[in-house]
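Undergrad: This is target-v6.cif, which holds mmCIF, N, CA and C atoms:
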data_work
loop_
_atom_site.label_atom_id
_atom_site.label_comp_id
_atom_site.auth_asym_id
_atom_site.auth_seq_id
_atom_site.Cartn_x
_atom_site.Cartn_y
_atom_site.Cartn_z
N MET A 175 -0.24 -15.23 -1.59
CA MET A 175 -0.69 -14.12 -0.79
C MET A 175 -1.59 -14.65 0.31
N THR A 176 -1.47 -14.11 1.46
CA THR A 176 -2.20 -14.56 2.63
C THR A 176 -3.36 -13.62 2.95
N THR A 177 -4.48 -14.19 3.35
CA THR A 177 -5.58 -13.39 3.87
C THR A 177 -5.64 -13.61 5.37
N LEU A 178 -5.53 -12.53 6.13
CA LEU A 178 -5.51 -12.61 7.58
C LEU A 178 -6.79 -12.03 8.15
N LYS A 179 -7.23 -12.59 9.22
CA LYS A 179 -8.36 -12.01 9.93
C LYS A 179 -7.85 -10.84 10.78
N LEU A 180 -8.72 -10.03 11.27
CA LEU A 180 -8.33 -8.84 12.01
C LEU A 180 -7.47 -9.17 13.22
N PHE A 181 -7.68 -10.31 13.88
CA PHE A 181 -6.90 -10.65 15.06
C PHE A 181 -5.46 -11.02 14.70
N ASP A 182 -5.16 -11.30 13.43
CA ASP A 182 -3.80 -11.62 12.98
C ASP A 182 -3.05 -10.38 12.49
N ILE A 183 -3.53 -9.23 12.84
CA ILE A 183 -3.02 -7.98 12.28
C ILE A 183 -1.52 -7.79 12.50
N GLU A 184 -0.95 -8.31 13.58
CA GLU A 184 0.47 -8.12 13.83
C GLU A 184 1.34 -8.94 12.89
N HIS A 185 0.75 -9.88 12.14
CA HIS A 185 1.51 -10.70 11.20
C HIS A 185 1.32 -10.23 9.76
N ALA A 186 0.74 -9.09 9.56
CA ALA A 186 0.45 -8.59 8.23
C ALA A 186 1.67 -7.90 7.63
N TRP A 187 1.79 -7.98 6.31
CA TRP A 187 2.84 -7.26 5.58
C TRP A 187 2.39 -5.82 5.36
N GLY A 188 3.33 -4.96 5.06
CA GLY A 188 3.02 -3.59 4.70
C GLY A 188 2.98 -2.67 5.90
N LEU A 189 2.47 -1.46 5.66
CA LEU A 189 2.34 -0.48 6.73
C LEU A 189 1.23 -0.88 7.68
N PRO A 190 1.48 -0.83 8.97
CA PRO A 190 0.39 -1.13 9.92
C PRO A 190 -0.61 0.02 9.94
N ARG A 191 -1.84 -0.29 9.67
CA ARG A 191 -2.91 0.69 9.70
C ARG A 191 -4.11 0.09 10.37
N LYS A 192 -4.87 0.92 11.06
CA LYS A 192 -6.07 0.44 11.77
C LYS A 192 -7.28 0.54 10.85
N VAL A 193 -7.24 -0.22 9.77
CA VAL A 193 -8.35 -0.27 8.83
C VAL A 193 -8.42 -1.70 8.28
N SER A 194 -9.62 -2.19 8.15
CA SER A 194 -9.83 -3.52 7.58
C SER A 194 -11.12 -3.47 6.78
N PRO A 195 -11.15 -4.04 5.60
CA PRO A 195 -10.09 -4.78 4.96
C PRO A 195 -9.05 -3.86 4.34
N ARG A 196 -7.83 -4.41 4.21
CA ARG A 196 -6.75 -3.68 3.55
C ARG A 196 -5.75 -4.67 2.99
N PHE A 197 -4.99 -4.21 2.03
CA PHE A 197 -3.91 -4.99 1.44
C PHE A 197 -2.61 -4.36 1.87
N GLY A 198 -1.65 -5.16 2.25
CA GLY A 198 -0.34 -4.65 2.62
C GLY A 198 0.75 -5.44 1.92
N ALA A 199 1.86 -4.77 1.65
CA ALA A 199 2.98 -5.44 0.99
C ALA A 199 4.28 -4.72 1.30
N ARG A 200 5.37 -5.48 1.16
CA ARG A 200 6.71 -4.90 1.21
C ARG A 200 7.28 -5.06 -0.19
N LEU A 201 7.44 -3.92 -0.86
CA LEU A 201 7.99 -3.91 -2.22
C LEU A 201 9.49 -3.66 -2.15
N ILE A 202 10.22 -4.14 -3.14
CA ILE A 202 11.65 -3.92 -3.21
C ILE A 202 11.93 -2.75 -4.13
N LEU A 203 12.68 -1.77 -3.63
CA LEU A 203 13.11 -0.64 -4.45
C LEU A 203 14.37 -1.08 -5.22
N ARG A 204 14.26 -1.12 -6.54
CA ARG A 204 15.39 -1.49 -7.39
C ARG A 204 15.59 -0.36 -8.39
N GLY A 205 16.51 0.54 -8.05
CA GLY A 205 16.69 1.74 -8.88
C GLY A 205 15.44 2.58 -8.83
N LEU A 206 14.85 2.81 -10.00
CA LEU A 206 13.62 3.59 -10.08
C LEU A 206 12.39 2.70 -10.23
N HIS A 207 12.57 1.41 -10.01
CA HIS A 207 11.47 0.46 -10.17
C HIS A 207 11.12 -0.20 -8.84
N LEU A 208 9.90 -0.69 -8.77
CA LEU A 208 9.43 -1.42 -7.58
C LEU A 208 9.14 -2.86 -7.98
N ASP A 209 9.69 -3.79 -7.23
CA ASP A 209 9.42 -5.20 -7.46
C ASP A 209 8.43 -5.68 -6.41
N TYR A 210 7.39 -6.36 -6.87
CA TYR A 210 6.36 -6.93 -6.01
C TYR A 210 6.63 -8.42 -5.86
N LEU A 211 6.68 -8.89 -4.63
CA LEU A 211 6.84 -10.32 -4.36
C LEU A 211 5.57 -10.81 -3.67
N ASN A 212 4.93 -11.80 -4.28
CA ASN A 212 3.67 -12.31 -3.77
C ASN A 212 3.76 -12.81 -2.33
N ASP A 213 4.92 -13.35 -1.95
CA ASP A 213 5.05 -13.89 -0.59
C ASP A 213 5.36 -12.81 0.44
N ARG A 214 5.41 -11.56 0.03
CA ARG A 214 5.62 -10.43 0.95
C ARG A 214 4.41 -9.51 0.94
N ALA A 215 3.22 -10.13 0.78
CA ALA A 215 1.96 -9.38 0.72
C ALA A 215 0.87 -10.15 1.44
N SER A 216 -0.09 -9.41 1.97
CA SER A 216 -1.21 -10.07 2.65
C SER A 216 -2.41 -9.13 2.71
N PHE A 217 -3.57 -9.73 2.87
CA PHE A 217 -4.80 -8.99 3.12
C PHE A 217 -5.14 -9.13 4.61
N VAL A 218 -5.59 -8.06 5.19
CA VAL A 218 -6.18 -8.09 6.53
C VAL A 218 -7.66 -7.89 6.31
N GLY A 219 -8.46 -8.87 6.68
CA GLY A 219 -9.87 -8.84 6.34
C GLY A 219 -10.03 -9.26 4.90
N GLU A 220 -11.22 -9.13 4.37
CA GLU A 220 -11.47 -9.55 3.00
C GLU A 220 -12.28 -8.51 2.25
N PHE A 221 -11.82 -8.21 1.03
CA PHE A 221 -12.60 -7.39 0.11
C PHE A 221 -13.69 -8.28 -0.48
N SER A 222 -14.82 -7.70 -0.79
CA SER A 222 -15.86 -8.45 -1.49
C SER A 222 -15.32 -8.82 -2.88
N PRO A 223 -15.90 -9.81 -3.54
CA PRO A 223 -15.41 -10.18 -4.88
C PRO A 223 -15.38 -9.00 -5.86
N GLU A 224 -16.40 -8.14 -5.81
CA GLU A 224 -16.42 -6.99 -6.72
C GLU A 224 -15.30 -6.00 -6.39
N VAL A 225 -15.09 -5.73 -5.10
CA VAL A 225 -14.05 -4.80 -4.68
C VAL A 225 -12.68 -5.38 -5.01
N ARG A 226 -12.51 -6.68 -4.83
CA ARG A 226 -11.22 -7.32 -5.15
C ARG A 226 -10.93 -7.20 -6.65
N LYS A 227 -11.95 -7.34 -7.48
CA LYS A 227 -11.77 -7.20 -8.93
C LYS A 227 -11.32 -5.78 -9.26
N ARG A 228 -11.96 -4.78 -8.64
CA ARG A 228 -11.55 -3.39 -8.88
C ARG A 228 -10.14 -3.14 -8.36
N PHE A 229 -9.81 -3.76 -7.21
CA PHE A 229 -8.46 -3.64 -6.65
C PHE A 229 -7.43 -4.20 -7.63
N ASN A 230 -7.72 -5.36 -8.23
CA ASN A 230 -6.80 -5.98 -9.18
C ASN A 230 -6.53 -5.09 -10.38
N HIS A 231 -7.51 -4.29 -10.77
CA HIS A 231 -7.31 -3.35 -11.88
C HIS A 231 -6.57 -2.09 -11.41
N ALA A 232 -6.82 -1.65 -10.20
CA ALA A 232 -6.21 -0.40 -9.70
C ALA A 232 -4.77 -0.59 -9.24
N PHE A 233 -4.43 -1.78 -8.74
CA PHE A 233 -3.12 -2.00 -8.13
C PHE A 233 -1.94 -1.67 -9.07
N PRO A 234 -1.93 -2.15 -10.32
CA PRO A 234 -0.79 -1.81 -11.19
C PRO A 234 -0.66 -0.30 -11.44
N ILE A 235 -1.77 0.39 -11.49
CA ILE A 235 -1.74 1.84 -11.70
C ILE A 235 -1.15 2.53 -10.47
N LEU A 236 -1.52 2.06 -9.28
CA LEU A 236 -0.95 2.61 -8.06
C LEU A 236 0.57 2.38 -8.02
N ILE A 237 1.01 1.19 -8.42
CA ILE A 237 2.45 0.88 -8.42
C ILE A 237 3.19 1.79 -9.41
N LYS A 238 2.64 1.99 -10.58
CA LYS A 238 3.28 2.88 -11.57
C LYS A 238 3.40 4.30 -11.02
N HIS A 239 2.36 4.76 -10.33
CA HIS A 239 2.43 6.10 -9.75
C HIS A 239 3.48 6.17 -8.64
N LEU A 240 3.57 5.12 -7.83
CA LEU A 240 4.61 5.09 -6.80
C LEU A 240 6.00 5.11 -7.43
N GLU A 241 6.18 4.42 -8.55
CA GLU A 241 7.46 4.45 -9.26
C GLU A 241 7.79 5.86 -9.75
N ARG A 242 6.77 6.61 -10.19
CA ARG A 242 7.01 8.01 -10.59
C ARG A 242 7.44 8.84 -9.39
N LEU A 243 6.86 8.57 -8.22
CA LEU A 243 7.25 9.31 -7.01
C LEU A 243 8.68 8.96 -6.59
N VAL A 244 9.10 7.73 -6.82
CA VAL A 244 10.50 7.34 -6.57
C VAL A 244 11.40 8.09 -7.54
N ALA A 245 11.03 8.12 -8.82
CA ALA A 245 11.85 8.77 -9.85
C ALA A 245 12.01 10.26 -9.60
N ASN A 246 10.97 10.93 -9.10
CA ASN A 246 11.09 12.38 -8.88
C ASN A 246 11.58 12.74 -7.48
N GLY A 247 11.91 11.72 -6.67
CA GLY A 247 12.49 11.98 -5.36
C GLY A 247 11.51 12.16 -4.22
N GLU A 248 10.21 12.11 -4.50
CA GLU A 248 9.21 12.24 -3.43
C GLU A 248 9.31 11.07 -2.45
N ILE A 249 9.63 9.89 -2.98
CA ILE A 249 9.90 8.73 -2.14
C ILE A 249 11.40 8.49 -2.21
N ASP A 250 12.05 8.51 -1.05
CA ASP A 250 13.50 8.34 -0.95
C ASP A 250 13.80 7.18 -0.01
N ALA A 251 14.60 6.25 -0.47
CA ALA A 251 14.89 5.04 0.31
C ALA A 251 15.61 5.33 1.61
N THR A 252 16.23 6.49 1.73
CA THR A 252 17.01 6.78 2.93
C THR A 252 16.25 7.61 3.96
N GLU A 253 15.06 8.08 3.60
CA GLU A 253 14.29 8.94 4.51
C GLU A 253 12.90 8.38 4.76
N GLN A 254 12.47 8.45 6.00
CA GLN A 254 11.12 8.03 6.32
C GLN A 254 10.18 9.19 6.00
N HIS A 255 9.23 8.92 5.11
CA HIS A 255 8.27 9.94 4.68
C HIS A 255 7.08 9.20 4.07
N CYS A 256 5.91 9.37 4.64
CA CYS A 256 4.72 8.69 4.16
C CYS A 256 4.05 9.53 3.08
N VAL A 257 3.74 8.90 1.94
CA VAL A 257 2.96 9.54 0.89
C VAL A 257 1.64 8.80 0.77
N THR A 258 0.63 9.52 0.35
CA THR A 258 -0.70 8.94 0.16
C THR A 258 -1.18 9.29 -1.24
N ILE A 259 -1.59 8.27 -1.98
CA ILE A 259 -2.16 8.49 -3.31
C ILE A 259 -3.52 7.80 -3.36
N GLU A 260 -4.36 8.27 -4.27
CA GLU A 260 -5.69 7.70 -4.43
C GLU A 260 -5.96 7.42 -5.89
N HIS A 261 -6.62 6.31 -6.15
CA HIS A 261 -7.04 5.95 -7.51
C HIS A 261 -8.20 4.97 -7.42
N ALA A 262 -9.23 5.21 -8.21
CA ALA A 262 -10.38 4.29 -8.35
C ALA A 262 -10.96 3.89 -6.99
N ASP A 263 -11.17 4.87 -6.14
CA ASP A 263 -11.75 4.65 -4.81
C ASP A 263 -10.88 3.83 -3.87
N PHE A 264 -9.56 3.76 -4.16
CA PHE A 264 -8.61 3.13 -3.25
C PHE A 264 -7.60 4.16 -2.81
N THR A 265 -7.18 4.04 -1.56
CA THR A 265 -6.12 4.88 -1.01
C THR A 265 -4.91 3.98 -0.78
N CYS A 266 -3.75 4.47 -1.19
CA CYS A 266 -2.50 3.74 -0.98
C CYS A 266 -1.56 4.63 -0.18
N GLU A 267 -1.14 4.15 0.98
CA GLU A 267 -0.13 4.84 1.77
C GLU A 267 1.17 4.07 1.58
N ALA A 268 2.28 4.81 1.42
CA ALA A 268 3.57 4.18 1.18
C ALA A 268 4.66 4.90 1.96
N ASP A 269 5.60 4.12 2.49
CA ASP A 269 6.71 4.68 3.26
C ASP A 269 7.87 3.70 3.21
N THR A 270 9.08 4.20 3.06
CA THR A 270 10.27 3.33 3.08
C THR A 270 10.66 2.97 4.51
N LEU A 271 10.19 3.72 5.46
CA LEU A 271 10.56 3.54 6.86
C LEU A 271 12.09 3.55 7.03
N SER A 272 12.77 4.34 6.17
CA SER A 272 14.24 4.46 6.17
C SER A 272 14.92 3.11 6.02
N SER A 273 14.33 2.22 5.25
CA SER A 273 14.82 0.84 5.16
C SER A 273 15.96 0.64 4.16
N HIS A 274 16.25 1.64 3.34
CA HIS A 274 17.32 1.54 2.33
C HIS A 274 17.08 0.38 1.36
N GLY A 275 15.88 0.22 0.89
CA GLY A 275 15.66 -0.81 -0.12
C GLY A 275 14.26 -1.38 -0.20
N TYR A 276 13.40 -1.02 0.74
CA TYR A 276 12.03 -1.52 0.71
C TYR A 276 11.04 -0.36 0.75
N LEU A 277 9.87 -0.62 0.19
CA LEU A 277 8.76 0.33 0.29
C LEU A 277 7.57 -0.44 0.85
N TYR A 278 7.08 0.00 1.97
CA TYR A 278 5.95 -0.64 2.65
C TYR A 278 4.68 0.10 2.27
N ILE A 279 3.64 -0.66 1.90
CA ILE A 279 2.40 -0.03 1.47
C ILE A 279 1.20 -0.62 2.21
N ALA A 280 0.15 0.18 2.28
CA ALA A 280 -1.17 -0.25 2.75
C ALA A 280 -2.18 0.32 1.77
N VAL A 281 -3.06 -0.54 1.26
CA VAL A 281 -4.09 -0.12 0.29
C VAL A 281 -5.45 -0.52 0.85
N TYR A 282 -6.36 0.44 0.84
CA TYR A 282 -7.71 0.18 1.35
C TYR A 282 -8.68 1.07 0.60
N GLN A 283 -9.96 0.77 0.75
CA GLN A 283 -10.97 1.60 0.09
C GLN A 283 -10.95 2.99 0.72
N THR A 284 -11.01 3.99 -0.12
CA THR A 284 -10.95 5.37 0.35
C THR A 284 -12.04 5.67 1.37
N ALA A 285 -13.21 5.08 1.20
CA ALA A 285 -14.31 5.30 2.15
C ALA A 285 -13.96 4.81 3.55
N ASP A 286 -12.99 3.90 3.68
CA ASP A 286 -12.59 3.35 4.97
C ASP A 286 -11.39 4.08 5.57
N LYS A 287 -10.95 5.18 4.94
CA LYS A 287 -9.74 5.88 5.38
C LYS A 287 -9.85 6.28 6.85
N PRO A 288 -8.83 5.91 7.65
CA PRO A 288 -8.85 6.32 9.06
C PRO A 288 -8.73 7.84 9.19
N GLN A 289 -9.26 8.37 10.25
CA GLN A 289 -9.24 9.81 10.47
C GLN A 289 -7.82 10.37 10.46
N SER A 290 -6.84 9.64 11.01
CA SER A 290 -5.47 10.14 11.05
C SER A 290 -4.90 10.30 9.64
N ALA A 291 -5.28 9.42 8.71
CA ALA A 291 -4.80 9.55 7.33
C ALA A 291 -5.40 10.79 6.67
N LEU A 292 -6.62 11.13 7.05
CA LEU A 292 -7.25 12.33 6.49
C LEU A 292 -6.56 13.59 6.98
N THR A 293 -6.04 13.55 8.17
CA THR A 293 -5.50 14.74 8.80
C THR A 293 -4.02 14.96 8.53
N PHE A 294 -3.20 13.89 8.57
CA PHE A 294 -1.76 14.07 8.60
C PHE A 294 -1.02 13.78 7.31
N ALA A 295 -1.57 13.02 6.38
CA ALA A 295 -0.82 12.65 5.18
C ALA A 295 -1.28 13.48 3.99
N PRO A 296 -0.32 14.06 3.24
CA PRO A 296 -0.71 14.76 2.02
C PRO A 296 -1.28 13.74 1.04
N SER A 297 -2.25 14.13 0.25
CA SER A 297 -2.92 13.19 -0.63
C SER A 297 -2.77 13.62 -2.08
N ILE A 298 -2.54 12.65 -2.94
CA ILE A 298 -2.45 12.87 -4.38
C ILE A 298 -3.52 12.00 -5.01
N THR A 299 -4.40 12.57 -5.80
CA THR A 299 -5.43 11.80 -6.49
C THR A 299 -5.01 11.65 -7.94
N LEU A 300 -5.04 10.39 -8.42
CA LEU A 300 -4.66 10.11 -9.80
C LEU A 300 -5.81 10.37 -10.73
#
Mind turning the file's structure into structure tokens?

TA:
Amino acid sequence: MTTLKLFDIEHAWGLPRKVSPRFGARLILRGLHLDYLNDRASFVGEFSPEVRKRFNHAFPILIKHLERLVANGEIDATEQHCVTIEHADFTCEADTLSSHGYLYIAVYQTADKPQSALTFAPSITL
């Protein structure tokens, strides 16, 4: 996994968002499951060691919830539709971008949520 500084933002994986620090990844949609590949993920900016530890605990829970959204049709590989979920003070935005096989995500601390995410994306709190 790569850690990028803010000026490397155009080389980051995941959904492009104007928030730092954040984690981004491109997950593979395989049926009703999501596969995470370490080489398709990066950090923009850096979480503090304590925040990174909390992120490591929250990330699998966020992925499981995204898999439930795939299973119930809220996330569809053929349609572009951004969903936002929250867990343990982290916000995760996810969208297939109509890619027919990938799910792009951006995860950041909820306190750092950009104003546009507060206004336009429906939010689900776990």

Undergrad: Taking (0.9, -5.0, 5.9) in the file's own coordinates, collect the residues within 7 Å, counting all atoms listed in the file, and hand them back as a list of chain:residue names.

TA: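 In the file's frame, the residues around the point are A:His185, A:Ala186, A:Trp187, A:Gly188, A:Leu189, A:Pro190, A:Arg191, A:Phe197, A:Gly198, A:Ala199, A:Arg200, A:Ala215, A:Ser216, A:Ile279, A:Ala280.
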
Undergrad: What does the PyMOL selection byres (((chain A and resi 194 and name CA) around 9) and name CA) select in this file, as an MDAnalysis selection string?

TA: chainID A and resid 179:180 191:193 195:197 217:221 282 286

Undergrad: Only N, CA and C atoms, please: the residues just picked out, written as a compact mmCIF listing (two decimals), keeping the file's coordinate frame.

TA:
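Below is the file part_1.txt, written as the result:
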# COMPACT_ATOMS: atom_id res chain seq x y z
N LYS A 179 -7.23 -12.59 9.22
CA LYS A 179 -8.36 -12.01 9.93
C LYS A 179 -7.85 -10.84 10.78
N LEU A 180 -8.72 -10.03 11.27
CA LEU A 180 -8.33 -8.84 12.01
C LEU A 180 -7.47 -9.17 13.22
N ARG A 191 -1.84 -0.29 9.67
CA ARG A 191 -2.91 0.69 9.70
C ARG A 191 -4.11 0.09 10.37
N LYS A 192 -4.87 0.92 11.06
CA LYS A 192 -6.07 0.44 11.77
C LYS A 192 -7.28 0.54 10.85
N VAL A 193 -7.24 -0.22 9.77
CA VAL A 193 -8.35 -0.27 8.83
C VAL A 193 -8.42 -1.70 8.28
N PRO A 195 -11.15 -4.04 5.60
CA PRO A 195 -10.09 -4.78 4.96
C PRO A 195 -9.05 -3.86 4.34
N ARG A 196 -7.83 -4.41 4.21
CA ARG A 196 -6.75 -3.68 3.55
C ARG A 196 -5.75 -4.67 2.99
N PHE A 197 -4.99 -4.21 2.03
CA PHE A 197 -3.91 -4.99 1.44
C PHE A 197 -2.61 -4.36 1.87
N PHE A 217 -3.57 -9.73 2.87
CA PHE A 217 -4.80 -8.99 3.12
C PHE A 217 -5.14 -9.13 4.61
N VAL A 218 -5.59 -8.06 5.19
CA VAL A 218 -6.18 -8.09 6.53
C VAL A 218 -7.66 -7.89 6.31
N GLY A 219 -8.46 -8.87 6.68
CA GLY A 219 -9.87 -8.84 6.34
C GLY A 219 -10.03 -9.26 4.90
N GLU A 220 -11.22 -9.13 4.37
CA GLU A 220 -11.47 -9.55 3.00
C GLU A 220 -12.28 -8.51 2.25
N PHE A 221 -11.82 -8.21 1.03
CA PHE A 221 -12.60 -7.39 0.11
C PHE A 221 -13.69 -8.28 -0.48
N TYR A 282 -6.36 0.44 0.84
CA TYR A 282 -7.71 0.18 1.35
C TYR A 282 -8.68 1.07 0.60
N ASP A 286 -12.99 3.90 3.68
CA ASP A 286 -12.59 3.35 4.97
C ASP A 286 -11.39 4.08 5.57

Undergrad: What does the structure give for the distance between CA of Leu271 in chain A and atom C of Gln254 in chain A, in Å to one decimal?

TA: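 So the answer is 5.7 Å.
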
Undergrad: Measure the distance from atom N of Asp213 in chain A to atom C of Leu201 in chain A in Å and round it to one decimal.

TA: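 Here the two named atoms are 10.7 Å from each other.
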
Undergrad: Mind checking which residues fall within 6.5 Å of Asp269 in chain A, counting all atoms listed in the file, ignoring those fewer than 2 positions away in the same chain, and posting them as a VMD selection string?

TA: chain A and resid 254 to 257 267 271 to 272 276 to 279

Undergrad: What is the atom C of Ile202 in chain A to atom C of Phe233 in chain A distance in Å?

TA: 14.8 Å

Undergrad: Taking the file as I've supplied it (selection: the PyMOL selection byres ((chain A and resi 207) around 8)), which residues are included? Please answer as a list in words.

TA: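 This file gives the following for the PyMOL selection byres ((chain A and resi 207) around 8): Leu201, Ile202, Leu203, Arg204, Gly205, Leu206, Leu208, Asp209, Tyr210, Leu240, Glu241, Arg242, Val244 and Ala245 of chain A.
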
Undergrad: Give the strand (DSSP E) residues of chain A, as assigned by DSSP on the backbone, as a VMD selection string.

TA: chain A and resid 176 to 178 196 to 204 207 to 209 215 to 218 257 to 261 264 to 269 276 to 283 297 to 299

Undergrad: Would you kindly translate the PyMOL selection byres ((chain A and resi 263) around 6.5) into the concrete residues it picks from this file, as a VMD selection string?

TA: chain A and resid 260 to 262 264 to 265 282 to 285

Undergrad: Please run DSSP on the backbone and report, as a compact mmCIF listing (two decimals) with N, CA and C atoms, in the coordinates of the input, all residues within chain A that come out as helix (DSSP H, G or I).

TA:
# COMPACT_ATOMS: atom_id res chain seq x y z
N LEU A 180 -8.72 -10.03 11.27
CA LEU A 180 -8.33 -8.84 12.01
C LEU A 180 -7.47 -9.17 13.22
N PHE A 181 -7.68 -10.31 13.88
CA PHE A 181 -6.90 -10.65 15.06
C PHE A 181 -5.46 -11.02 14.70
N ASP A 182 -5.16 -11.30 13.43
CA ASP A 182 -3.80 -11.62 12.98
C ASP A 182 -3.05 -10.38 12.49
N ILE A 183 -3.53 -9.23 12.84
CA ILE A 183 -3.02 -7.98 12.28
C ILE A 183 -1.52 -7.79 12.50
N GLU A 184 -0.95 -8.31 13.58
CA GLU A 184 0.47 -8.12 13.83
C GLU A 184 1.34 -8.94 12.89
N HIS A 185 0.75 -9.88 12.14
CA HIS A 185 1.51 -10.70 11.20
C HIS A 185 1.32 -10.23 9.76
N ASN A 212 4.93 -11.80 -4.28
CA ASN A 212 3.67 -12.31 -3.77
C ASN A 212 3.76 -12.81 -2.33
N ASP A 213 4.92 -13.35 -1.95
CA ASP A 213 5.05 -13.89 -0.59
C ASP A 213 5.36 -12.81 0.44
N ARG A 214 5.41 -11.56 0.03
CA ARG A 214 5.62 -10.43 0.95
C ARG A 214 4.41 -9.51 0.94
N PRO A 223 -15.90 -9.81 -3.54
CA PRO A 223 -15.41 -10.18 -4.88
C PRO A 223 -15.38 -9.00 -5.86
N GLU A 224 -16.40 -8.14 -5.81
CA GLU A 224 -16.42 -6.99 -6.72
C GLU A 224 -15.30 -6.00 -6.39
N VAL A 225 -15.09 -5.73 -5.10
CA VAL A 225 -14.05 -4.80 -4.68
C VAL A 225 -12.68 -5.38 -5.01
N ARG A 226 -12.51 -6.68 -4.83
CA ARG A 226 -11.22 -7.32 -5.15
C ARG A 226 -10.93 -7.20 -6.65
N LYS A 227 -11.95 -7.34 -7.48
CA LYS A 227 -11.77 -7.20 -8.93
C LYS A 227 -11.32 -5.78 -9.26
N ARG A 228 -11.96 -4.78 -8.64
CA ARG A 228 -11.55 -3.39 -8.88
C ARG A 228 -10.14 -3.14 -8.36
N PHE A 229 -9.81 -3.76 -7.21
CA PHE A 229 -8.46 -3.64 -6.65
C PHE A 229 -7.43 -4.20 -7.63
N ASN A 230 -7.72 -5.36 -8.23
CA ASN A 230 -6.80 -5.98 -9.18
C ASN A 230 -6.53 -5.09 -10.38
N HIS A 231 -7.51 -4.29 -10.77
CA HIS A 231 -7.31 -3.35 -11.88
C HIS A 231 -6.57 -2.09 -11.41
N ALA A 232 -6.82 -1.65 -10.20
CA ALA A 232 -6.21 -0.40 -9.70
C ALA A 232 -4.77 -0.59 -9.24
N PHE A 233 -4.43 -1.78 -8.74
CA PHE A 233 -3.12 -2.00 -8.13
C PHE A 233 -1.94 -1.67 -9.07
N PRO A 234 -1.93 -2.15 -10.32
CA PRO A 234 -0.79 -1.81 -11.19
C PRO A 234 -0.66 -0.30 -11.44
N ILE A 235 -1.77 0.39 -11.49
CA ILE A 235 -1.74 1.84 -11.70
C ILE A 235 -1.15 2.53 -10.47
N LEU A 236 -1.52 2.06 -9.28
CA LEU A 236 -0.95 2.61 -8.06
C LEU A 236 0.57 2.38 -8.02
N ILE A 237 1.01 1.19 -8.42
CA ILE A 237 2.45 0.88 -8.42
C ILE A 237 3.19 1.79 -9.41
N LYS A 238 2.64 1.99 -10.58
CA LYS A 238 3.28 2.88 -11.57
C LYS A 238 3.40 4.30 -11.02
N HIS A 239 2.36 4.76 -10.33
CA HIS A 239 2.43 6.10 -9.75
C HIS A 239 3.48 6.17 -8.64
N LEU A 240 3.57 5.12 -7.83
CA LEU A 240 4.61 5.09 -6.80
C LEU A 240 6.00 5.11 -7.43
N GLU A 241 6.18 4.42 -8.55
CA GLU A 241 7.46 4.45 -9.26
C GLU A 241 7.79 5.86 -9.75
N ARG A 242 6.77 6.61 -10.19
CA ARG A 242 7.01 8.01 -10.59
C ARG A 242 7.44 8.84 -9.39
N LEU A 243 6.86 8.57 -8.22
CA LEU A 243 7.25 9.31 -7.01
C LEU A 243 8.68 8.96 -6.59
N VAL A 244 9.10 7.73 -6.82
CA VAL A 244 10.50 7.34 -6.57
C VAL A 244 11.40 8.09 -7.54
N ALA A 245 11.03 8.12 -8.82
CA ALA A 245 11.85 8.77 -9.85
C ALA A 245 12.01 10.26 -9.60
N THR A 284 -11.01 3.99 -0.12
CA THR A 284 -10.95 5.37 0.35
C THR A 284 -12.04 5.67 1.37
N ALA A 285 -13.21 5.08 1.20
CA ALA A 285 -14.31 5.30 2.15
C ALA A 285 -13.96 4.81 3.55
N ASP A 286 -12.99 3.90 3.68
CA ASP A 286 -12.59 3.35 4.97
C ASP A 286 -11.39 4.08 5.57
N GLN A 289 -9.26 8.37 10.25
CA GLN A 289 -9.24 9.81 10.47
C GLN A 289 -7.82 10.37 10.46
N SER A 290 -6.84 9.64 11.01
CA SER A 290 -5.47 10.14 11.05
C SER A 290 -4.90 10.30 9.64
N ALA A 291 -5.28 9.42 8.71
CA ALA A 291 -4.80 9.55 7.33
C ALA A 291 -5.40 10.79 6.67
N LEU A 292 -6.62 11.13 7.05
CA LEU A 292 -7.25 12.33 6.49
C LEU A 292 -6.56 13.59 6.98
N THR A 293 -6.04 13.55 8.17
CA THR A 293 -5.50 14.74 8.80
C THR A 293 -4.02 14.96 8.53
N PHE A 294 -3.20 13.89 8.57
CA PHE A 294 -1.76 14.07 8.60
C PHE A 294 -1.02 13.78 7.31
